[in-house]
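This is target36.cif (mmCIF, C-alpha atoms and all ligand atoms).
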data_coords
#
loop_
_atom_site.label_atom_id
_atom_site.label_comp_id
_atom_site.auth_asym_id
_atom_site.auth_seq_id
_atom_site.Cartn_x
_atom_site.Cartn_y
_atom_site.Cartn_z
CA ASN A 1 23.80 -21.54 12.01
CA LEU A 2 25.69 -22.76 8.95
CA SER A 3 24.30 -20.20 6.50
CA ALA A 4 26.90 -18.99 4.02
CA THR A 5 26.88 -15.65 2.26
CA PHE A 6 28.55 -15.50 -1.11
CA GLN A 7 28.44 -12.36 -3.25
CA ASN A 8 25.06 -11.20 -1.89
CA HIS A 9 23.61 -14.70 -2.21
CA THR A 10 22.83 -16.79 0.84
CA PHE A 11 23.05 -20.57 1.04
CA ALA A 12 21.75 -22.83 3.84
CA ASN A 13 25.32 -24.08 4.35
CA PRO A 14 28.69 -23.73 2.59
CA LEU A 15 28.80 -27.25 1.12
CA MET A 16 28.39 -28.35 -2.47
CA ASN A 17 29.71 -30.98 -4.87
CA ALA A 18 32.98 -30.50 -6.70
CA SER A 19 32.37 -30.38 -10.43
CA GLY A 20 32.78 -33.74 -12.09
CA VAL A 21 31.32 -35.72 -9.20
CA HIS A 22 27.63 -36.73 -9.18
CA CYS A 23 26.62 -33.98 -11.61
CA TYR A 24 26.56 -35.50 -15.12
CA THR A 25 22.82 -36.20 -15.41
CA THR A 26 19.63 -34.47 -14.34
CA THR A 27 18.99 -37.45 -12.02
CA GLN A 28 22.31 -36.91 -10.22
CA LEU A 29 21.76 -33.14 -10.09
CA ASP A 30 18.28 -33.65 -8.63
CA GLU A 31 19.81 -35.95 -6.00
CA LEU A 32 22.20 -33.16 -5.02
CA LEU A 33 19.30 -30.71 -4.75
CA ALA A 34 17.46 -33.21 -2.55
CA SER A 35 20.54 -33.67 -0.32
CA SER A 36 21.78 -31.49 2.53
CA ALA A 37 24.19 -29.64 0.21
CA GLY A 38 23.84 -25.84 0.14
CA THR A 39 23.93 -25.76 -3.67
CA LEU A 40 25.49 -27.55 -6.65
CA VAL A 41 27.70 -27.11 -9.70
CA THR A 42 27.11 -28.92 -12.99
CA LYS A 43 29.68 -31.12 -14.76
CA SER A 44 32.03 -28.97 -16.83
CA ALA A 45 30.40 -28.67 -20.23
CA THR A 46 31.77 -28.45 -23.72
CA MET A 47 29.54 -27.05 -26.46
CA ALA A 48 28.44 -30.53 -27.54
CA TYR A 49 28.23 -34.02 -26.01
CA ARG A 50 31.56 -35.78 -25.42
CA GLN A 51 32.08 -39.42 -24.63
CA GLY A 52 35.34 -38.75 -22.75
CA ASN A 53 38.33 -41.04 -22.26
CA PRO A 54 38.24 -44.86 -22.27
CA LYS A 55 37.38 -46.64 -18.98
CA PRO A 56 38.49 -47.34 -16.33
CA ARG A 57 39.01 -43.59 -15.94
CA TYR A 58 38.24 -43.02 -12.21
CA ARG A 59 39.60 -45.04 -9.32
CA SER A 60 38.94 -44.64 -5.62
CA LEU A 61 42.14 -45.20 -3.59
CA ALA A 62 42.88 -45.66 0.10
CA LEU A 63 44.14 -42.06 0.36
CA GLY A 64 42.00 -40.39 -2.30
CA SER A 65 41.28 -40.83 -5.97
CA ILE A 66 42.81 -40.63 -9.42
CA ASN A 67 40.88 -39.68 -12.56
CA SER A 68 41.30 -38.97 -16.22
CA MET A 69 37.71 -38.57 -17.35
CA GLY A 70 38.47 -36.50 -20.46
CA LEU A 71 35.48 -34.18 -20.17
CA PRO A 72 32.65 -36.61 -20.76
CA ASN A 73 29.48 -34.49 -20.63
CA GLU A 74 26.06 -34.02 -22.20
CA GLY A 75 26.87 -30.68 -23.83
CA LEU A 76 26.16 -27.11 -22.70
CA PRO A 77 22.46 -26.99 -23.77
CA TYR A 78 21.67 -29.94 -21.45
CA TYR A 79 23.12 -28.24 -18.34
CA LEU A 80 21.89 -24.77 -19.29
CA ASP A 81 18.35 -26.10 -19.77
CA TYR A 82 18.58 -27.78 -16.37
CA VAL A 83 19.63 -24.68 -14.43
CA LEU A 84 17.13 -22.48 -16.31
CA ALA A 85 14.29 -24.86 -15.38
CA LYS A 86 15.40 -25.16 -11.73
CA GLN A 87 16.03 -21.48 -11.08
CA THR A 88 12.32 -20.72 -11.49
CA GLN A 89 11.37 -23.21 -8.74
CA ALA A 90 10.87 -22.23 -5.11
CA ASP A 91 13.48 -23.42 -2.59
CA VAL A 92 16.17 -23.97 -5.23
CA PRO A 93 19.37 -22.14 -4.25
CA THR A 94 21.43 -20.08 -6.68
CA LEU A 95 23.15 -22.59 -8.97
CA PHE A 96 26.61 -22.87 -10.50
CA LEU A 97 27.15 -23.74 -14.19
CA SER A 98 30.62 -24.96 -15.20
CA VAL A 99 32.07 -24.61 -18.71
CA ALA A 100 35.37 -26.02 -19.99
CA GLY A 101 36.01 -25.57 -23.69
CA ILE A 102 38.72 -27.51 -25.52
CA SER A 103 39.87 -24.16 -26.97
CA MET A 104 39.66 -20.51 -26.00
CA GLN A 105 37.18 -19.96 -28.85
CA GLU A 106 34.92 -22.72 -27.51
CA ASP A 107 35.05 -21.11 -24.04
CA LEU A 108 34.06 -17.76 -25.51
CA ASP A 109 31.26 -19.27 -27.61
CA MET A 110 29.83 -20.98 -24.53
CA LEU A 111 30.12 -17.85 -22.39
CA ALA A 112 28.30 -15.87 -25.11
CA GLN A 113 25.51 -18.44 -25.09
CA VAL A 114 25.17 -18.32 -21.30
CA ASP A 115 25.31 -14.51 -21.35
CA GLN A 116 22.41 -14.37 -23.80
CA SER A 117 20.34 -16.77 -21.70
CA ASP A 118 18.21 -15.95 -18.65
CA PHE A 119 20.55 -17.86 -16.29
CA ASN A 120 20.78 -15.92 -13.03
CA GLY A 121 23.38 -18.01 -11.16
CA PHE A 122 27.18 -18.20 -11.18
CA THR A 123 29.10 -19.31 -14.25
CA GLU A 124 32.41 -21.06 -13.62
CA LEU A 125 35.05 -20.98 -16.35
CA ASN A 126 37.26 -24.02 -15.85
CA LEU A 127 40.86 -23.16 -16.74
CA SER A 128 42.31 -26.31 -15.19
CA CYS A 129 41.22 -29.57 -16.81
CA PRO A 130 44.37 -31.73 -16.83
CA ASN A 131 42.92 -34.70 -18.70
CA VAL A 132 42.44 -33.95 -22.37
CA PRO A 133 45.42 -35.51 -24.19
CA GLY A 134 47.52 -32.86 -25.97
CA LYS A 135 45.76 -29.91 -24.27
CA PRO A 136 47.82 -28.30 -21.48
CA GLN A 137 45.97 -26.58 -18.63
CA VAL A 138 45.27 -22.96 -19.55
CA ALA A 139 45.90 -21.73 -15.99
CA TYR A 140 49.53 -22.94 -16.01
CA ASP A 141 50.11 -20.56 -18.96
CA PHE A 142 49.86 -17.11 -17.40
CA GLU A 143 49.81 -15.23 -20.73
CA ALA A 144 47.00 -17.45 -22.04
CA THR A 145 45.08 -16.98 -18.78
CA GLU A 146 45.23 -13.20 -19.06
CA LYS A 147 44.18 -13.30 -22.73
CA MET A 148 41.30 -15.62 -21.86
CA LEU A 149 40.03 -13.31 -19.11
CA ASP A 150 40.45 -10.20 -21.27
CA SER A 151 38.26 -11.75 -23.95
CA ALA A 152 35.79 -13.30 -21.51
CA PHE A 153 35.00 -10.05 -19.73
CA LYS A 154 34.52 -8.24 -23.06
CA LEU A 155 31.51 -10.40 -23.85
CA PHE A 156 30.29 -11.79 -20.51
CA HIS A 157 28.19 -9.65 -18.17
CA LYS A 158 26.95 -12.11 -15.52
CA PRO A 159 28.77 -13.20 -12.34
CA LEU A 160 31.83 -15.21 -13.42
CA GLY A 161 34.25 -17.38 -11.45
CA VAL A 162 37.29 -19.38 -12.52
CA LYS A 163 38.36 -22.88 -11.51
CA LEU A 164 42.10 -22.97 -10.92
CA PRO A 165 44.66 -25.76 -10.71
CA PRO A 166 46.91 -26.02 -7.67
CA TYR A 167 50.02 -23.84 -7.63
CA PHE A 168 53.11 -24.81 -5.68
CA ASP A 169 55.37 -21.79 -5.56
CA LEU A 170 54.69 -18.52 -3.77
CA ALA A 171 55.92 -16.62 -6.83
CA GLN A 172 53.13 -18.27 -8.84
CA PHE A 173 50.51 -17.08 -6.35
CA ASP A 174 51.85 -13.53 -6.72
CA ILE A 175 51.70 -13.66 -10.52
CA VAL A 176 48.28 -15.30 -10.79
CA ALA A 177 46.65 -13.09 -8.12
CA LYS A 178 47.95 -10.00 -9.89
CA ILE A 179 46.32 -11.16 -13.13
CA LEU A 180 43.02 -12.10 -11.45
CA ASN A 181 42.82 -8.81 -9.51
CA GLN A 182 42.53 -6.91 -12.81
CA TYR A 183 39.06 -8.35 -13.49
CA PRO A 184 35.59 -8.10 -11.92
CA LEU A 185 35.66 -11.78 -10.98
CA ALA A 186 32.93 -13.00 -8.63
CA TYR A 187 35.12 -15.77 -7.27
CA ILE A 188 37.89 -18.29 -7.75
CA ASN A 189 37.52 -22.00 -7.08
CA THR A 190 40.72 -23.63 -5.81
CA ILE A 191 41.88 -26.37 -6.28
CA ASN A 192 41.22 -28.65 -9.21
CA SER A 193 42.90 -32.04 -8.98
CA VAL A 194 46.67 -32.28 -8.54
CA GLY A 195 47.31 -33.06 -12.17
CA ASN A 196 49.03 -36.08 -13.63
CA GLY A 197 49.79 -38.17 -10.61
CA LEU A 198 50.59 -41.84 -11.19
CA TYR A 199 49.15 -44.53 -8.93
CA ILE A 200 50.96 -47.86 -9.06
CA ASP A 201 49.56 -51.13 -7.79
CA VAL A 202 52.60 -53.16 -6.78
CA ASP A 203 50.82 -56.54 -6.68
CA SER A 204 49.68 -56.36 -10.29
CA GLU A 205 52.56 -54.05 -11.33
CA THR A 206 50.04 -51.86 -13.16
CA VAL A 207 48.63 -48.37 -13.22
CA ALA A 208 45.10 -47.69 -11.91
CA ILE A 209 43.36 -46.05 -14.88
CA LYS A 210 43.49 -46.57 -18.64
CA PRO A 211 43.85 -43.11 -20.24
CA LYS A 212 47.29 -41.51 -20.71
CA GLY A 213 49.13 -44.60 -19.52
CA GLY A 214 47.77 -44.18 -16.01
CA PHE A 215 48.55 -40.50 -15.37
CA GLY A 216 45.58 -38.70 -13.80
CA GLY A 217 44.36 -35.99 -11.47
CA LEU A 218 44.65 -36.72 -7.75
CA GLY A 219 41.94 -35.87 -5.24
CA GLY A 220 41.09 -36.70 -1.64
CA ALA A 221 43.38 -36.87 1.39
CA TYR A 222 46.47 -36.64 -0.85
CA VAL A 223 45.60 -33.04 -1.71
CA LEU A 224 44.15 -31.42 1.44
CA PRO A 225 47.28 -29.46 2.48
CA THR A 226 47.80 -28.29 -1.11
CA ALA A 227 44.15 -27.17 -1.29
CA LEU A 228 44.38 -25.29 2.02
CA ALA A 229 47.61 -23.63 0.88
CA ASN A 230 45.97 -22.44 -2.33
CA VAL A 231 42.86 -21.12 -0.56
CA HIS A 232 44.96 -19.27 2.00
CA ALA A 233 47.61 -17.95 -0.42
CA PHE A 234 44.91 -16.53 -2.69
CA ARG A 235 42.91 -15.09 0.23
CA GLN A 236 46.07 -13.24 1.27
CA ARG A 237 46.50 -11.83 -2.26
CA LEU A 238 43.11 -11.33 -3.92
CA ASN A 239 40.88 -8.25 -3.74
CA ASP A 240 38.22 -8.61 -1.02
CA SER A 241 35.59 -8.41 -3.78
CA ILE A 242 36.68 -11.82 -5.12
CA ALA A 243 35.16 -14.71 -3.12
CA ILE A 244 36.82 -18.12 -2.76
CA ILE A 245 35.43 -21.61 -3.11
CA GLY A 246 37.74 -24.07 -1.33
CA THR A 247 37.93 -27.50 -2.92
CA GLY A 248 40.16 -30.44 -2.16
CA GLY A 249 40.58 -33.21 0.35
CA VAL A 250 37.44 -32.76 2.45
CA GLN A 251 36.61 -35.95 4.36
CA THR A 252 35.20 -34.54 7.61
CA GLY A 253 33.52 -31.48 9.13
CA ALA A 254 36.92 -30.54 10.58
CA ASP A 255 38.30 -30.40 7.02
CA VAL A 256 35.43 -28.09 6.00
CA PHE A 257 36.25 -25.94 9.05
CA ALA A 258 39.92 -25.80 7.98
CA HIS A 259 39.00 -24.61 4.46
CA ILE A 260 36.84 -21.81 5.91
CA LEU A 261 39.52 -20.91 8.46
CA ALA A 262 41.96 -20.61 5.53
CA GLY A 263 39.57 -18.18 3.84
CA ALA A 264 37.02 -20.21 1.85
CA ASP A 265 33.47 -18.85 1.52
CA LEU A 266 32.04 -22.11 0.17
CA VAL A 267 33.54 -25.61 0.25
CA GLN A 268 33.24 -28.36 -2.38
CA VAL A 269 33.46 -32.10 -1.96
CA GLY A 270 34.64 -34.43 -4.74
CA THR A 271 36.36 -37.69 -3.82
CA GLN A 272 34.36 -38.22 -0.61
CA LEU A 273 31.10 -37.56 -2.50
CA ALA A 274 32.13 -40.14 -5.09
CA LYS A 275 32.75 -42.65 -2.26
CA ASP A 276 29.64 -41.99 -0.13
CA GLY A 277 27.06 -40.44 -2.44
CA PRO A 278 24.97 -37.33 -1.64
CA ASP A 279 24.29 -38.50 1.94
CA VAL A 280 27.83 -37.25 2.66
CA PHE A 281 26.39 -33.74 2.95
CA ALA A 282 24.18 -34.66 5.93
CA ARG A 283 27.23 -36.04 7.75
CA LEU A 284 29.50 -33.11 6.87
CA THR A 285 26.99 -30.43 7.89
CA GLN A 286 26.42 -32.24 11.21
CA GLU A 287 30.17 -32.59 11.83
CA LEU A 288 30.78 -28.93 10.96
CA SER A 289 28.01 -27.91 13.40
CA ASP A 290 29.60 -30.10 16.09
CA VAL A 291 33.07 -28.59 15.59
CA MET A 292 31.60 -25.07 15.76
CA ALA A 293 29.55 -25.85 18.87
CA GLN A 294 32.62 -27.24 20.63
CA LYS A 295 34.45 -24.01 19.91
CA ASP A 296 31.42 -21.86 20.79
CA TYR A 297 31.24 -20.44 17.26
CA HIS A 298 27.75 -19.55 16.08
CA ASN A 299 28.35 -18.38 12.50
CA LEU A 300 30.88 -19.04 9.77
CA SER A 301 31.95 -15.40 10.04
CA ASP A 302 33.17 -16.12 13.61
CA PHE A 303 36.17 -18.00 12.19
CA LYS A 304 36.32 -17.47 8.42
CA ASN A 305 39.80 -16.38 7.32
CA ASN A 306 40.93 -16.30 10.96
CA LEU A 307 43.83 -18.74 10.64
CA LYS A 308 46.49 -18.05 13.27
CA GLU A 309 50.21 -18.10 12.61
CA LEU A 310 52.77 -19.28 15.12
C1 LIG B 401 37.91 -33.27 -16.23
C2 LIG B 401 38.76 -33.24 -15.17
C3 LIG B 401 38.98 -32.06 -14.53
O1 LIG B 401 39.81 -31.97 -13.46
C4 LIG B 401 38.34 -30.91 -14.97
O2 LIG B 401 38.56 -29.76 -14.34
C5 LIG B 401 37.48 -30.96 -16.04
C6 LIG B 401 37.27 -32.15 -16.67
C7 LIG B 401 37.69 -34.54 -16.92
O3 LIG B 401 38.62 -35.31 -17.04
O4 LIG B 401 36.54 -34.76 -17.38
#
Please rewrite the model in this file as C-alpha cells.
Amino acid sequence: NLSATFQNHTFANPLMNASGVHCYTTTQLDELLASSAGTLVTKSATMAYRQGNPKPRYRSLALGSINSMGLPNEGLPYYLDYVLAKQTQADVPTLFLSVAGISMQEDLDMLAQVDQSDFNGFTELNLSCPNVPGKPQVAYDFEATEKMLDSAFKLFHKPLGVKLPPYFDLAQFDIVAKILNQYPLAYINTINSVGNGLYIDVDSETVAIKPKGGFGGLGGAYVLPTALANVHAFRQRLNDSIAIIGTGGVQTGADVFAHILAGADLVQVGTQLAKDGPDVFARLTQELSDVMAQKDYHNLSDFKNNLKEL
C-alpha cells in the first residue's frame, strides 16, 4: 500500500512531478493526472505570461540536467483556472499550485488572488528560482525570507508551502528552520535545483545552455545526496506540523525510498520525468512497491523518517 498522507489529505502514492517539468500546459497537466502519479504541481506562475530565457535553456546530461528556463509560464490565471476546474471533478487528487513572483510585491499580489479564489489545494510559494538574471534567490537572503513570510501569512489563509533551494552548511539549516518554525506552514519542498552550475562540453569547448553564459540549475543524479541531506536536516529541525516534500535526484524506486527514509512525506521527480515522460510514475511506483515488499514493509509509515545512524 503506497498511500501517502499529507496534512490530512491522502494520495494514492507519494509521487508527483517537480515543478517546471511537464506542467506548463493543460495538455501536460492532464497527462500527469492520467499517469500513475499521486498528484501534480503546476509550473511556477508569475502574474502574467512570460516567454522566459532564450533557448537552448534545458539540457539533459549523462548525470542529470542543467536548466535556465527563466520562468516561462502562461500566467497565474491560466493555472488557477485549471486547478479550479479540476478540483470539482471526481477522482482528482488535491492539487498543488506554484507561484514565483519576480518581486515580493508580485508574490503577495498572487497570493491575495489565490486566497480570494475557491482553490482548495496547496499553494507553493517558490523562494528559490535561480534563473532570472539580476534577481538573487530570496531564500538565500534570510532577512528577506522572514519578511516575505511575515507579509504572506498576514494576507493568506489557505494551506501554504515554500519551495527552498539547497543549503550546504548546518548553520544555515539552523537559521532557516528557526525562521520557518515561526509560521503555520503546511510544508516545505526541498530541494530546488543546485543553482548556477556550469556544464562544459570538452569536444566543442562550449557550455550546454544559452542563458547566463551557460550557468544553470543542476538536477538529477548530481543532486541526490544534497537533496537527501536537506530533507533530513529539515526533518530534524522543523516542527512536526510542517510536512516535507523531498525533491531531487530520483531515478529509481530505491531513491524514492531513500527520500522517505530521510523524512519526506511526498517525493517529486524532475529530471527523470523530463527524460522519460509521465510513464516514469508507473515504473517508480512499481519499484517502490518492490523495495518495500523485499523489506516486508507494508506502509510508508513503516519506514518514513526512520533513517539509522552508524
Ligand atoms: C525556474 C527555475 C527554477 O528552479 C524555479 O524554481 C522556478 C523557475 C525557471 O528557470 O523557469
Closest pair table for chain A residues within 8 Å of ligand LIG 401 (chain B), all atoms listed in the file, as a tab-separated table:
residue	atom	partner	partner_atom	distance
A:Ser19	CA	B:LIG401	O2	7.3
A:Gly20	CA	B:LIG401	O4	6.6
A:Lys43	CA	B:LIG401	C6	7.9
A:Ser44	CA	B:LIG401	C5	5.9
A:Gly52	CA	B:LIG401	O4	6.8
A:Asn53	CA	B:LIG401	O3	7.8
A:Asn67	CA	B:LIG401	O3	6.7
A:Ser68	CA	B:LIG401	O3	4.6
A:Met69	CA	B:LIG401	O3	3.4
A:Gly70	CA	B:LIG401	O3	3.6
A:Leu71	CA	B:LIG401	O4	3.0
A:Pro72	CA	B:LIG401	O4	5.5
A:Asn73	CA	B:LIG401	O4	7.8
A:Ala100	CA	B:LIG401	C5	6.7
A:Asn126	CA	B:LIG401	O2	6.1
A:Leu127	CA	B:LIG401	O2	7.4
A:Ser128	CA	B:LIG401	O2	5.2
A:Cys129	CA	B:LIG401	O2	3.6
A:Pro130	CA	B:LIG401	O1	5.7
A:Asn131	CA	B:LIG401	O3	4.6
A:Val132	CA	B:LIG401	O3	6.7
A:Lys163	CA	B:LIG401	O2	7.4
A:Asn192	CA	B:LIG401	O1	5.6
A:Ser193	CA	B:LIG401	O1	5.4
A:Gly195	CA	B:LIG401	O1	7.7
A:Gly217	CA	B:LIG401	O1	6.4
Please report, as lines of an AutoDock Vina configuration file, the centre and edge lengths in Å to one decimal of an axis-aligned box covering all listed atoms of stretch 119-125 of chain A with 5 Å per side.
center_x = 27.8
center_y = -18.5
center_z = -13.8
size_x = 24.5
size_y = 15.1
size_z = 15.2
Residues within 8 Å of A:Val267, please, as a PyMOL selection string. Count only C-alpha atoms; anything in the same chain fewer than 2 positions from it doesn't count. chain A and resi 14-16+245-247+256+259-260+264-265+269
If we count all atoms listed in the file and set the cut-off at 12 Å, which residues sit around A:Gly38, ignoring sequence neighbours fewer than 6 positions away in its own chain? Please answer as a ChimeraX atom specification. /A:2-6,9-17,32,91-96,265-269,278,281-282,284-285
For each of A:Gly64, A:Gly248, A:Gly270, A:Gly121, take the minimum atom-to-atom distance to A:Leu224, counting only C-alpha atoms, then give the residue where this is smallest.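 The shortest atom-to-atom distance to A:Leu224 comes from A:Gly248.
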Proximity to A:Pro133 - best of A:Lys55, A:Arg237, A:Lys158, A:Lys212, only C-alpha atoms: A:Lys212
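Shortest atom-to-atom contact with A:Phe257 among A:Glu31, A:Glu106, A:Asp203, A:Asp290: A:Asp290, counting only C-alpha atoms.
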Using only C-alpha atoms: which of A:Ala258, A:Val207, A:Phe303, A:Val250 has the shortest distance to A:Arg59: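 Smallest distance to A:Arg59 is found for A:Val207.
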Skip A:Ile191 itself and residues of its chain fewer than 5 positions away, then list as an mmCIF file with C-alpha atoms, in the frame of the given file all residues within 6 Å of it, counting all atoms listed in the file.
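Dumped everything to around.cif:
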data_model
loop_
_atom_site.group_PDB
_atom_site.id
_atom_site.type_symbol
_atom_site.label_atom_id
_atom_site.label_comp_id
_atom_site.auth_asym_id
_atom_site.auth_seq_id
_atom_site.Cartn_x
_atom_site.Cartn_y
_atom_site.Cartn_z
ATOM 1 C CA LEU A 164 42.100 -22.970 -10.920
ATOM 2 C CA PRO A 165 44.660 -25.760 -10.710
ATOM 3 C CA PRO A 166 46.910 -26.020 -7.670
ATOM 4 C CA ALA A 227 44.150 -27.170 -1.290
ATOM 5 C CA THR A 247 37.930 -27.500 -2.920
#
Might you pull out every residue within 8 Å of A:Gln272, with only C-alpha atoms counted and same-chain residues fewer than 6 positions away left off, and present them as a count of residues only? 4
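Rounded to one decimal, atom CA of A:Leu160 and atom CA of A:Pro184 lie 8.2 Å from each other.
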Taking only C-alpha atoms into account, name the residue in A:Leu111, A:Ser60, A:Gln105, A:Val138 that is nearest to A:Leu76. A:Leu111
Smallest atom-to-atom distance to A:Ala90: which of A:Leu33, A:Asp107, A:Asn230, A:Pro159, using all atoms listed in the file?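 Result for the nearest residue to A:Ala90: A:Leu33.
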Give me the residues near A:Ala62 as a PyMOL selection string, where near means some atom within 12 Å (using only C-alpha atoms) and where sequence neighbours in that chain fewer than 3 positions away do not count. chain A and resi 59+65-66+199+201+219-222+271-272+275
Let me see the file: selected residues, C-alpha atoms, as a compact mmCIF listing (two decimals), in the coordinates of the input.
# COMPACT_ATOMS: atom_id res chain seq x y z
CA ARG A 59 39.60 -45.04 -9.32
CA SER A 65 41.28 -40.83 -5.97
CA ILE A 66 42.81 -40.63 -9.42
CA TYR A 199 49.15 -44.53 -8.93
CA ASP A 201 49.56 -51.13 -7.79
CA GLY A 219 41.94 -35.87 -5.24
CA GLY A 220 41.09 -36.70 -1.64
CA ALA A 221 43.38 -36.87 1.39
CA TYR A 222 46.47 -36.64 -0.85
CA THR A 271 36.36 -37.69 -3.82
CA GLN A 272 34.36 -38.22 -0.61
CA LYS A 275 32.75 -42.65 -2.26
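For the pair atom CA of A:Arg57 and atom CA of A:Gly216, the interatomic distance is 8.5 Å.
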Report the distance between atom CA of A:Ala37 and atom CA of A:Ser117 in Å, rounded to one decimal place. 25.7 Å
